[in-house]
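Notes follow the structure.
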Amino acid sequence: MKEAVAEARRAKRADAAAADAAACAEKIAEMAPEDRALAEKVRDIVTSVAPDLAPRTFYGMPAWSKNGKVVVFFQAASKYKVRYATLGFQPDAHLDDGNMWATSFAVTAIGPAEEKLIRELVERATS
């Protein structure tokens with residue numbers, strides 16, 4: 001909750017976009033090395049596929065939003081002491097596929113196949 005309160009305060013500042021981007025970068029820098037490497041790769045993919053998404057934090061996690069609404073976020077494995085990081089998509093992501101579709105993915109490594117899938121998901125999410 002502390003993270004959410006800090007995010008709400010940041011949003012009211014005149015330089016909110018710059019403050020949000022700095023907070024996102026700071027959260028990634030604070031991560032354990034394994035999580036940081038994954039988060040940096042996700043950041044690079046999201047930034048290249050959807051440069052219109054704005055970096056910010058979402059409950060203390062790196063996230064990217066459009067029109068103030070989070071579309072995609074990265075949750076470090078160490079945040080909840082679990083064995084894998086999570087790449088998640090919020091309801092504003094356009095991933096709808098029939099009556100049921102995935103909105104979060106376990107991530108332990110990002111190789112060429114995973115990068116391709118993340119690129120496709122972000123493209124669909126922002127279309």
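Every chain in the structure tokens has a letter given in the order shown (A, B, ...), and although residue numbers restart at 1 in each chain, ligands are simply numbered from 1 in the order shown.
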Note to self: Set the distance at 7 Å and use only C-alpha atoms: which residues neighbour segment 27-36 of chain A once local chain neighbours fewer than 2 positions away are removed? I'd like the list as a PyMOL selection string.
What the structure shows: chain A and resi 23-25+38-40+61-62+76-77
Margin query: Going by DSSP on the backbone, which residues of chain A come out as alpha helix (DSSP H)? List them as a PyMOL selection string.
Written below: chain A and resi 2-11+16-30+33-49+112-125
Checklist line | Distance query segment 107-119 of chain A at most 12 Å, only C-alpha atoms, self and fewer than 5 positions along chain excluded, as a PyMOL selection string | finding: chain A and resi 34-50+72-78+82-89+124-126
Write the selection just made, keeping C-alpha atoms, as a PDB file, in the first residue's frame?
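Below is the file result38.pdb, written as the result:
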ATOM      1  CA  GLU A  34      18.479 -12.244 -12.056  1.00  0.00           C
ATOM      2  CA  ASP A  35      15.271 -10.220 -11.819  1.00  0.00           C
ATOM      3  CA  ARG A  36      16.996  -7.041 -12.973  1.00  0.00           C
ATOM      4  CA  ALA A  37      18.274  -8.749 -16.141  1.00  0.00           C
ATOM      5  CA  LEU A  38      14.761  -9.957 -16.976  1.00  0.00           C
ATOM      6  CA  ALA A  39      13.169  -6.586 -16.166  1.00  0.00           C
ATOM      7  CA  GLU A  40      15.710  -4.738 -18.304  1.00  0.00           C
ATOM      8  CA  LYS A  41      15.002  -7.072 -21.213  1.00  0.00           C
ATOM      9  CA  VAL A  42      11.235  -6.580 -20.783  1.00  0.00           C
ATOM     10  CA  ARG A  43      11.765  -2.806 -20.617  1.00  0.00           C
ATOM     11  CA  ASP A  44      13.813  -2.884 -23.817  1.00  0.00           C
ATOM     12  CA  ILE A  45      11.174  -4.959 -25.622  1.00  0.00           C
ATOM     13  CA  VAL A  46       8.245  -2.835 -24.448  1.00  0.00           C
ATOM     14  CA  THR A  47      10.055   0.385 -25.298  1.00  0.00           C
ATOM     15  CA  SER A  48      10.931  -0.789 -28.808  1.00  0.00           C
ATOM     16  CA  VAL A  49       7.511  -2.291 -29.609  1.00  0.00           C
ATOM     17  CA  ALA A  50       5.335   0.366 -27.965  1.00  0.00           C
ATOM     18  CA  VAL A  72       1.809  -4.273 -18.901  1.00  0.00           C
ATOM     19  CA  PHE A  73       3.847  -4.834 -15.746  1.00  0.00           C
ATOM     20  CA  PHE A  74       6.785  -6.894 -14.530  1.00  0.00           C
ATOM     21  CA  GLN A  75       6.801  -8.538 -11.117  1.00  0.00           C
ATOM     22  CA  ALA A  76      10.169  -9.689  -9.810  1.00  0.00           C
ATOM     23  CA  ALA A  77      10.394 -13.199  -8.398  1.00  0.00           C
ATOM     24  CA  SER A  78      12.098 -11.818  -5.306  1.00  0.00           C
ATOM     25  CA  VAL A  82       8.663 -17.177  -5.663  1.00  0.00           C
ATOM     26  CA  ARG A  83      10.613 -19.165  -8.217  1.00  0.00           C
ATOM     27  CA  TYR A  84       9.683 -17.129 -11.293  1.00  0.00           C
ATOM     28  CA  ALA A  85       9.094 -13.537 -12.326  1.00  0.00           C
ATOM     29  CA  THR A  86       5.758 -12.560 -13.846  1.00  0.00           C
ATOM     30  CA  LEU A  87       4.962 -10.580 -16.957  1.00  0.00           C
ATOM     31  CA  GLY A  88       1.396  -9.382 -16.570  1.00  0.00           C
ATOM     32  CA  PHE A  89      -1.194  -7.504 -18.550  1.00  0.00           C
ATOM     33  CA  ARG A 124      -1.526  -7.083 -29.434  1.00  0.00           C
ATOM     34  CA  ALA A 125      -1.963  -5.421 -26.043  1.00  0.00           C
ATOM     35  CA  THR A 126      -1.435  -1.962 -27.512  1.00  0.00           C
TER      36      THR A 126
END
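Distance-wise, atom CA of Tyr59 of chain A and atom CA of Ala18 of chain A end up 17.7 Å apart.
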Item checked: Pairwise distance for atom CA of Thr103 of chain A and atom CA of Arg56 of chain A, rounded to one decimal in Å -> 19.1 Å
